[in-house]
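Trainee: My structure is in start-v2.json, and what it holds is JSON, C-alpha atoms:
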[["chain", "number", "residue", "atom", "x", "y", "z"],
["A", 283, "MET", "CA", -26.37, 18.88, 29.13],
["A", 284, "ARG", "CA", -28.75, 16.62, 31.05],
["A", 285, "ASP", "CA", -27.42, 17.84, 34.42],
["A", 286, "ALA", "CA", -27.64, 21.47, 33.31],
["A", 287, "MET", "CA", -31.28, 21.06, 32.33],
["A", 288, "LEU", "CA", -32.18, 19.31, 35.59],
["A", 289, "ALA", "CA", -30.46, 22.09, 37.55],
["A", 290, "ARG", "CA", -32.48, 24.83, 35.86],
["A", 291, "ARG", "CA", -34.15, 27.19, 38.31],
["A", 292, "SER", "CA", -35.72, 30.63, 38.27],
["A", 293, "VAL", "CA", -33.41, 32.60, 40.56],
["A", 294, "ARG", "CA", -34.90, 35.71, 42.13],
["A", 295, "GLU", "CA", -31.72, 36.97, 43.78],
["A", 296, "MET", "CA", -28.90, 38.01, 41.46],
["A", 297, "ALA", "CA", -26.05, 40.46, 40.94],
["A", 298, "PRO", "CA", -25.32, 42.36, 37.71],
["A", 299, "ALA", "CA", -23.50, 40.35, 35.05],
["A", 300, "PRO", "CA", -21.02, 41.90, 32.59],
["A", 301, "LEU", "CA", -22.82, 43.27, 29.56],
["A", 302, "ARG", "CA", -20.56, 41.17, 27.36],
["A", 303, "SER", "CA", -21.97, 38.04, 29.02],
["A", 304, "ILE", "CA", -25.56, 39.15, 28.50],
["A", 305, "LEU", "CA", -24.92, 39.87, 24.81],
["A", 306, "ALA", "CA", -23.17, 36.51, 24.44],
["A", 307, "LEU", "CA", -26.27, 34.79, 25.82],
["A", 308, "VAL", "CA", -28.66, 36.66, 23.52],
["A", 309, "GLY", "CA", -26.41, 36.10, 20.52],
["A", 310, "TRP", "CA", -26.03, 32.38, 21.13],
["A", 311, "VAL", "CA", -29.80, 31.91, 21.31],
["A", 312, "THR", "CA", -30.93, 34.25, 18.54],
["A", 313, "VAL", "CA", -28.21, 34.31, 15.87],
["A", 314, "ALA", "CA", -29.17, 32.36, 12.74],
["A", 315, "ARG", "CA", -27.32, 29.08, 12.22],
["A", 316, "ALA", "CA", -28.60, 28.78, 8.65],
["A", 317, "ILE", "CA", -30.50, 31.07, 6.29],
["A", 318, "ARG", "CA", -32.83, 29.79, 3.58],
["A", 319, "VAL", "CA", -31.50, 30.93, 0.21],
["A", 320, "ALA", "CA", -33.73, 33.11, -1.99],
["A", 321, "ASP", "CA", -36.56, 33.00, 0.53],
["A", 322, "PRO", "CA", -38.73, 36.16, 0.48],
["A", 323, "LEU", "CA", -39.77, 35.48, 4.08],
["A", 324, "GLY", "CA", -36.20, 35.25, 5.33],
["A", 325, "ARG", "CA", -36.61, 31.94, 7.13],
["A", 326, "THR", "CA", -33.72, 30.92, 9.36],
["A", 327, "ARG", "CA", -32.68, 28.08, 11.65],
["A", 328, "ARG", "CA", -31.90, 29.12, 15.21],
["A", 329, "VAL", "CA", -31.76, 27.52, 18.65],
["A", 330, "PRO", "CA", -35.45, 28.07, 19.62],
["A", 331, "PRO", "CA", -38.21, 26.46, 17.54],
["A", 332, "SER", "CA", -40.47, 28.86, 15.64],
["A", 333, "ALA", "CA", -43.64, 28.44, 13.60],
["A", 334, "GLY", "CA", -42.61, 28.32, 9.94],
["A", 335, "ALA", "CA", -39.01, 29.15, 10.93],
["A", 336, "LEU", "CA", -40.07, 32.81, 10.84],
["A", 337, "HIS", "CA", -38.62, 33.81, 14.24],
["A", 338, "PRO", "CA", -40.74, 36.95, 14.61],
["A", 339, "VAL", "CA", -39.71, 37.68, 18.21],
["A", 340, "GLU", "CA", -36.76, 39.99, 18.91],
["A", 341, "VAL", "CA", -34.80, 40.24, 22.16],
["A", 342, "ILE", "CA", -34.07, 43.78, 23.32],
["A", 343, "VAL", "CA", -31.39, 44.18, 26.00],
["A", 344, "VAL", "CA", -32.12, 47.06, 28.38],
["A", 345, "ALA", "CA", -28.68, 47.98, 29.71],
["A", 346, "GLY", "CA", -27.74, 50.67, 32.20],
["A", 347, "GLY", "CA", -29.86, 52.28, 34.90],
["A", 348, "ARG", "CA", -33.43, 53.55, 34.79],
["A", 349, "ARG", "CA", -32.33, 57.18, 34.34],
["A", 350, "ALA", "CA", -30.36, 56.54, 31.16],
["A", 351, "PRO", "CA", -31.11, 53.06, 29.81],
["A", 352, "VAL", "CA", -29.49, 51.88, 26.59],
["A", 353, "LEU", "CA", -31.41, 49.57, 24.28],
["A", 354, "LEU", "CA", -29.35, 46.97, 22.42],
["A", 355, "ARG", "CA", -30.12, 44.29, 19.85],
["A", 356, "VAL", "CA", -27.94, 41.46, 18.54],
["A", 357, "ASP", "CA", -28.52, 41.24, 14.79],
["A", 358, "PRO", "CA", -29.49, 37.62, 13.98],
["A", 359, "GLY", "CA", -27.73, 37.69, 10.62],
["A", 360, "SER", "CA", -24.39, 39.28, 11.47],
["A", 361, "ALA", "CA", -24.20, 38.78, 15.28],
["A", 362, "ARG", "CA", -23.30, 42.47, 15.55],
["A", 363, "VAL", "CA", -24.62, 44.54, 18.42],
["A", 364, "GLN", "CA", -26.89, 47.42, 17.44],
["A", 365, "VAL", "CA", -27.83, 50.44, 19.57],
["A", 366, "LEU", "CA", -31.51, 51.38, 19.24],
["A", 367, "SER", "CA", -33.05, 54.82, 19.71],
["A", 368, "GLU", "CA", -36.34, 55.42, 21.48],
["A", 369, "ARG", "CA", -38.88, 57.51, 19.62],
["A", 370, "ARG", "CA", -40.55, 58.24, 22.94],
["A", 371, "THR", "CA", -37.83, 58.69, 25.53],
["A", 372, "GLY", "CA", -38.11, 57.47, 29.08],
["A", 373, "ARG", "CA", -40.31, 54.47, 28.37],
["A", 374, "ALA", "CA", -37.58, 51.88, 29.03],
["A", 375, "GLY", "CA", -36.79, 53.62, 32.30],
["A", 376, "ARG", "CA", -40.40, 53.12, 33.37],
["A", 377, "LEU", "CA", -40.05, 49.39, 32.86],
["A", 378, "LEU", "CA", -36.85, 49.28, 34.94],
["A", 379, "ALA", "CA", -38.64, 51.16, 37.71],
["A", 380, "ARG", "CA", -41.34, 48.46, 37.86],
["A", 381, "LEU", "CA", -39.04, 45.44, 38.04],
["A", 382, "PRO", "CA", -37.84, 45.93, 41.67],
["A", 383, "GLU", "CA", -41.46, 45.72, 42.80],
["A", 384, "LEU", "CA", -41.58, 42.15, 41.47],
["A", 385, "LEU", "CA", -38.01, 41.05, 42.16],
["A", 386, "PRO", "CA", -36.57, 43.34, 44.86],
["A", 387, "ARG", "CA", -33.33, 41.33, 45.27],
["A", 388, "ALA", "CA", -32.61, 40.84, 41.57],
["A", 389, "ARG", "CA", -30.11, 43.33, 40.19],
["A", 390, "GLY", "CA", -29.91, 41.81, 36.74],
["A", 391, "THR", "CA", -30.22, 43.04, 33.17],
["A", 392, "ALA", "CA", -33.68, 43.15, 31.62],
["A", 393, "LEU", "CA", -34.40, 41.33, 28.38],
["A", 394, "VAL", "CA", -37.61, 42.32, 26.58],
["A", 395, "LEU", "CA", -39.28, 40.23, 23.87],
["A", 396, "LEU", "CA", -40.97, 42.17, 21.07],
["A", 397, "ALA", "CA", -42.93, 40.23, 18.46],
["A", 398, "ASP", "CA", -43.65, 41.30, 14.88],
["A", 399, "TYR", "CA", -47.31, 40.34, 14.55],
["A", 400, "GLY", "CA", -47.38, 41.11, 10.84],
["A", 401, "ARG", "CA", -44.55, 38.68, 10.10],
["A", 402, "THR", "CA", -46.51, 35.68, 11.34],
["A", 403, "ALA", "CA", -49.85, 37.01, 10.08],
["A", 404, "ALA", "CA", -48.42, 37.13, 6.55],
["A", 405, "VAL", "CA", -48.16, 33.33, 6.57],
["A", 406, "TYR", "CA", -50.80, 32.07, 9.00],
["A", 407, "ARG", "CA", -54.50, 32.94, 9.21],
["A", 408, "LYS", "CA", -54.55, 32.75, 13.03],
["A", 409, "PRO", "CA", -51.14, 33.98, 14.17],
["A", 410, "ASP", "CA", -51.89, 34.86, 17.80],
["A", 411, "SER", "CA", -51.30, 31.49, 19.42],
["A", 412, "LEU", "CA", -48.23, 30.91, 17.24],
["A", 413, "LEU", "CA", -46.67, 34.19, 18.34],
["A", 414, "TRP", "CA", -47.18, 33.37, 22.00],
["A", 415, "ARG", "CA", -45.80, 29.87, 21.43],
["A", 416, "ASP", "CA", -42.70, 31.36, 19.79],
["A", 417, "ALA", "CA", -42.24, 33.80, 22.68],
["A", 418, "GLY", "CA", -42.48, 31.00, 25.22],
["A", 419, "ALA", "CA", -39.96, 28.87, 23.32],
["A", 420, "LEU", "CA", -37.57, 31.83, 23.18],
["A", 421, "LEU", "CA", -37.88, 32.54, 26.90],
["A", 422, "ALA", "CA", -37.27, 28.87, 27.70],
["A", 423, "SER", "CA", -34.22, 28.78, 25.41],
["A", 424, "LEU", "CA", -32.79, 31.91, 27.03],
["A", 425, "GLN", "CA", -33.22, 30.51, 30.52],
["A", 426, "LEU", "CA", -31.69, 27.13, 29.69],
["A", 427, "ALA", "CA", -28.78, 28.76, 27.89],
["A", 428, "ALA", "CA", -28.24, 31.17, 30.78],
["A", 429, "GLY", "CA", -27.78, 28.24, 33.15],
["A", 430, "GLY", "CA", -25.30, 26.61, 30.81],
["A", 431, "MET", "CA", -23.31, 29.86, 30.57],
["A", 432, "GLY", "CA", -23.03, 30.33, 34.32],
["A", 433, "LEU", "CA", -25.74, 32.98, 34.52],
["A", 434, "VAL", "CA", -29.03, 32.94, 36.40],
["A", 435, "ALA", "CA", -32.37, 34.10, 35.02],
["A", 436, "CYS", "CA", -35.94, 34.73, 36.06],
["A", 437, "PRO", "CA", -38.87, 35.46, 33.73],
["A", 438, "THR", "CA", -41.17, 38.15, 35.10],
["A", 439, "GLY", "CA", -44.89, 38.75, 34.76],
["A", 440, "LEU", "CA", -44.35, 41.95, 32.78],
["A", 441, "LEU", "CA", -44.78, 42.04, 29.01],
["A", 442, "GLY", "CA", -42.45, 44.99, 28.38],
["A", 443, "GLU", "CA", -44.89, 47.17, 26.47],
["A", 444, "GLU", "CA", -42.99, 50.24, 27.69],
["A", 445, "VAL", "CA", -40.02, 49.29, 25.52],
["A", 446, "GLY", "CA", -42.18, 48.55, 22.50],
["A", 447, "ASP", "CA", -43.98, 51.87, 22.92],
["A", 448, "GLY", "CA", -40.71, 53.74, 23.28],
["A", 449, "LEU", "CA", -39.21, 52.22, 20.15],
["A", 450, "PHE", "CA", -42.21, 52.07, 17.83],
["A", 451, "HIS", "CA", -44.87, 54.30, 19.44],
["A", 452, "THR", "CA", -48.17, 53.46, 17.68],
["A", 453, "ASN", "CA", -46.98, 50.58, 15.48],
["A", 454, "GLU", "CA", -49.75, 47.98, 15.83],
["A", 455, "ARG", "CA", -47.56, 45.24, 14.37],
["A", 456, "VAL", "CA", -45.31, 45.20, 17.45],
["A", 457, "LEU", "CA", -46.49, 43.07, 20.35],
["A", 458, "ALA", "CA", -44.73, 43.06, 23.73],
["A", 459, "ALA", "CA", -44.34, 39.37, 24.58],
["A", 460, "GLY", "CA", -42.44, 39.04, 27.85],
["A", 461, "THR", "CA", -39.51, 40.07, 30.00],
["A", 462, "MET", "CA", -36.72, 38.32, 31.86],
["A", 463, "LEU", "CA", -33.97, 39.37, 34.26],
["A", 464, "VAL", "CA", -30.51, 37.83, 33.80],
["A", 465, "GLY", "CA", -27.50, 38.20, 36.08],
["A", 466, "LEU", "CA", -24.93, 36.42, 38.22],
["A", 467, "GLY", "CA", -25.91, 34.19, 41.09],
["A", 468, "SER", "CA", -25.18, 35.12, 44.68],
["A", 469, "ALA", "CA", -23.13, 32.97, 47.06],
["A", 470, "ASP", "CA", -26.25, 30.85, 47.56],
["A", 471, "HIS", "CA", -26.27, 29.99, 43.87],
["A", 472, "PRO", "CA", -22.84, 28.56, 42.91],
["A", 473, "ASP", "CA", -23.75, 28.42, 39.22],
["A", 474, "GLY", "CA", -23.26, 32.17, 39.07],
["A", 475, "SER", "CA", -19.54, 31.87, 39.72],
["A", 476, "ARG", "CA", -18.69, 30.37, 36.33],
["A", 477, "ASN", "CA", -16.93, 32.56, 33.82],
["A", 478, "ALA", "CA", -19.65, 33.32, 31.29],
["A", 479, "ASP", "CA", -17.54, 36.28, 30.13],
["A", 480, "ALA", "CA", -15.27, 33.93, 28.21],
["A", 481, "LEU", "CA", -18.02, 32.76, 25.87],
["A", 482, "ALA", "CA", -17.98, 33.97, 22.27],
["A", 483, "LEU", "CA", -20.82, 36.13, 20.99],
["A", 484, "THR", "CA", -21.01, 34.48, 17.60],
["A", 485, "ALA", "CA", -22.84, 31.22, 16.99]]
Write out the structure in this file as structure tokens.

Mentor:
Amino acid sequence: MRDAMLARRSVREMAPAPLRSILALVGWVTVARAIRVADPLGRTRRVPPSAGALHPVEVIVVAGGRRAPVLLRVDPGSARVQVLSERRTGRAGRLLARLPELLPRARGTALVLLADYGRTAAVYRKPDSLLWRDAGALLASLQLAAGGMGLVACPTGLLGEEVGDGLFHTNERVLAAGTMLVGLGSADHPDGSRNADALALTA
């Protein structure tokens, strides 16, 4: 574990990874390890830390190409993969079109973080900083786990508001909170040669 953490890097050159590997990564990081019984707020224990154990930030996997992207979510309670439908079509494709401008040699899968502002605001008077802290912890957990699973990852400077707008349109509770590309390393990055495909999706 210590060596894996010291070897962590943001890799800007990557090849596509199998979708199964991407979903395994997201599932391992986001699936609930424990659920608080009879809790109206649905608090859970997961890999990343979260203010009040609320975990208001979702990870949306943008699979496929920009012309026909597919939006996927790993349900934190059941670890099942869900296919999401855009209310405003084409928005996810716009995000995918922007990513090559930032990372022209990264042919990875985009992960988009969408935060439920209302979930944290229901508990805390000043939820903004807590939401951003949660998003940062989730991005860090995804990147560290990616390295341990033989994948490479690179957070981008984009928030991913296109995906939030496509899924929820004018819902003011949804806040786009960051994006990341995940894939397999090139020959210059030996970590990418490990078999992440063999990892189980469930926690």

Trainee: Excluding segment 360-363 of chain A and residues on its chain fewer than 3 positions from it, collect all residues at most 7 Å away from it, counting only C-alpha atoms, and give them as a PDB file with C-alpha atoms, keeping the file's coordinate frame.

Mentor:
ATOM      1  CA  GLY A 309     -26.410  36.100  20.520  1.00  0.00           C
ATOM      2  CA  VAL A 313     -28.210  34.310  15.870  1.00  0.00           C
ATOM      3  CA  LEU A 354     -29.350  46.970  22.420  1.00  0.00           C
ATOM      4  CA  ARG A 355     -30.120  44.290  19.850  1.00  0.00           C
ATOM      5  CA  VAL A 356     -27.940  41.460  18.540  1.00  0.00           C
ATOM      6  CA  ASP A 357     -28.520  41.240  14.790  1.00  0.00           C
ATOM      7  CA  THR A 484     -21.010  34.480  17.600  1.00  0.00           C
TER       8      THR A 484
END

Trainee: Distance atom CA of Leu385 of chain A-atom CA of Val434 of chain A, one decimal place?

Mentor: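 Atom CA of Val434 of chain A lies 13.4 Å from atom CA of Leu385 of chain A.
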
Trainee: Skipping near chain neighbours, those fewer than 4 positions away, what residues fall within 8 Å of Gly347 of chain A using all atoms listed in the file, listed as a list in words?

Mentor: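 Here the answer would be Pro351, Gly375 and Leu378 of chain A.
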
Trainee: Identify the residues around (-34.7, 41.2, 35.0) within a radius of 8 Å, measuring from only C-alpha atoms in the coordinates stated by the file, and give them as a compact mmCIF listing (two decimals) with C-alpha atoms, keeping the file's coordinate frame.

Mentor:
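What follows is the written file result_13.txt:
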# COMPACT_ATOMS: atom_id res chain seq x y z
CA LEU A 381 -39.04 45.44 38.04
CA LEU A 385 -38.01 41.05 42.16
CA ALA A 388 -32.61 40.84 41.57
CA ARG A 389 -30.11 43.33 40.19
CA GLY A 390 -29.91 41.81 36.74
CA THR A 391 -30.22 43.04 33.17
CA ALA A 392 -33.68 43.15 31.62
CA LEU A 393 -34.40 41.33 28.38
CA ALA A 435 -32.37 34.10 35.02
CA CYS A 436 -35.94 34.73 36.06
CA PRO A 437 -38.87 35.46 33.73
CA THR A 438 -41.17 38.15 35.10
CA THR A 461 -39.51 40.07 30.00
CA MET A 462 -36.72 38.32 31.86
CA LEU A 463 -33.97 39.37 34.26
CA VAL A 464 -30.51 37.83 33.80
CA GLY A 465 -27.50 38.20 36.08

Trainee: Might you pull out every residue within 9 Å of Ala350 of chain A, with all atoms listed in the file counted and same-chain residues fewer than 2 positions away left off, and present them as number ranges by chain?

Mentor: A: 345-348, 352, 372, 374-375

Trainee: Quick one: of A:Leu301, A:Val365, A:Ala306, A:Val311, who's nearest to Leu426 of chain A, counting all atoms listed in the file?

Mentor: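 That would be A:Val311, the residue with the smallest distance to Leu426 of chain A.
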
Trainee: Quick one: contact table of segment 413-453 of chain A to segment 322-329 of chain A, 10 Å max, nearest atom pair and distance in Å to one decimal per residue, counting all atoms listed in the file, chain and number order, as JSON lines?

Mentor:
{"residue": "A:Ala419", "atom": "CA", "partner": "A:Val329", "partner_atom": "CA", "distance": 9.5}
{"residue": "A:Leu420", "atom": "CA", "partner": "A:Val329", "partner_atom": "CA", "distance": 8.5}
{"residue": "A:Ser423", "atom": "CA", "partner": "A:Val329", "partner_atom": "CA", "distance": 7.3}
{"residue": "A:Leu424", "atom": "CA", "partner": "A:Val329", "partner_atom": "CA", "distance": 9.5}
{"residue": "A:Ala427", "atom": "CA", "partner": "A:Val329", "partner_atom": "CA", "distance": 9.8}

Trainee: Would you mind listing what lies within 10 Å of Glu368 of chain A as a compact mmCIF listing (two decimals) with C-alpha atoms, keeping the file's coordinate frame, with all atoms listed in the file counted and same-chain residues fewer than 2 positions away left out?

Mentor:
# COMPACT_ATOMS: atom_id res chain seq x y z
CA VAL A 352 -29.49 51.88 26.59
CA LEU A 353 -31.41 49.57 24.28
CA LEU A 366 -31.51 51.38 19.24
CA ARG A 370 -40.55 58.24 22.94
CA THR A 371 -37.83 58.69 25.53
CA GLY A 372 -38.11 57.47 29.08
CA ARG A 373 -40.31 54.47 28.37
CA ALA A 374 -37.58 51.88 29.03
CA VAL A 445 -40.02 49.29 25.52
CA GLY A 446 -42.18 48.55 22.50
CA ASP A 447 -43.98 51.87 22.92
CA GLY A 448 -40.71 53.74 23.28
CA LEU A 449 -39.21 52.22 20.15
CA PHE A 450 -42.21 52.07 17.83
CA HIS A 451 -44.87 54.30 19.44

Trainee: Can you measure atom CA of Gly467 of chain A to atom CA of Glu295 of chain A for me? One decimal in Å is fine.

Mentor: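 If I compute the distance from atom CA of Gly467 of chain A to atom CA of Glu295 of chain A, I get 7.0 Å.
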
Trainee: Separation of atom CA of Leu307 of chain A and atom CA of Gly429 of chain A, in Å?

Mentor: 9.9 Å

Trainee: Measuring between all atoms listed in the file, which one of A:Thr312, A:Pro331, A:Arg294, A:Ala459 shows the shortest distance to Val394 of chain A?

Mentor: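 That would be A:Ala459, the residue with the smallest distance to Val394 of chain A.
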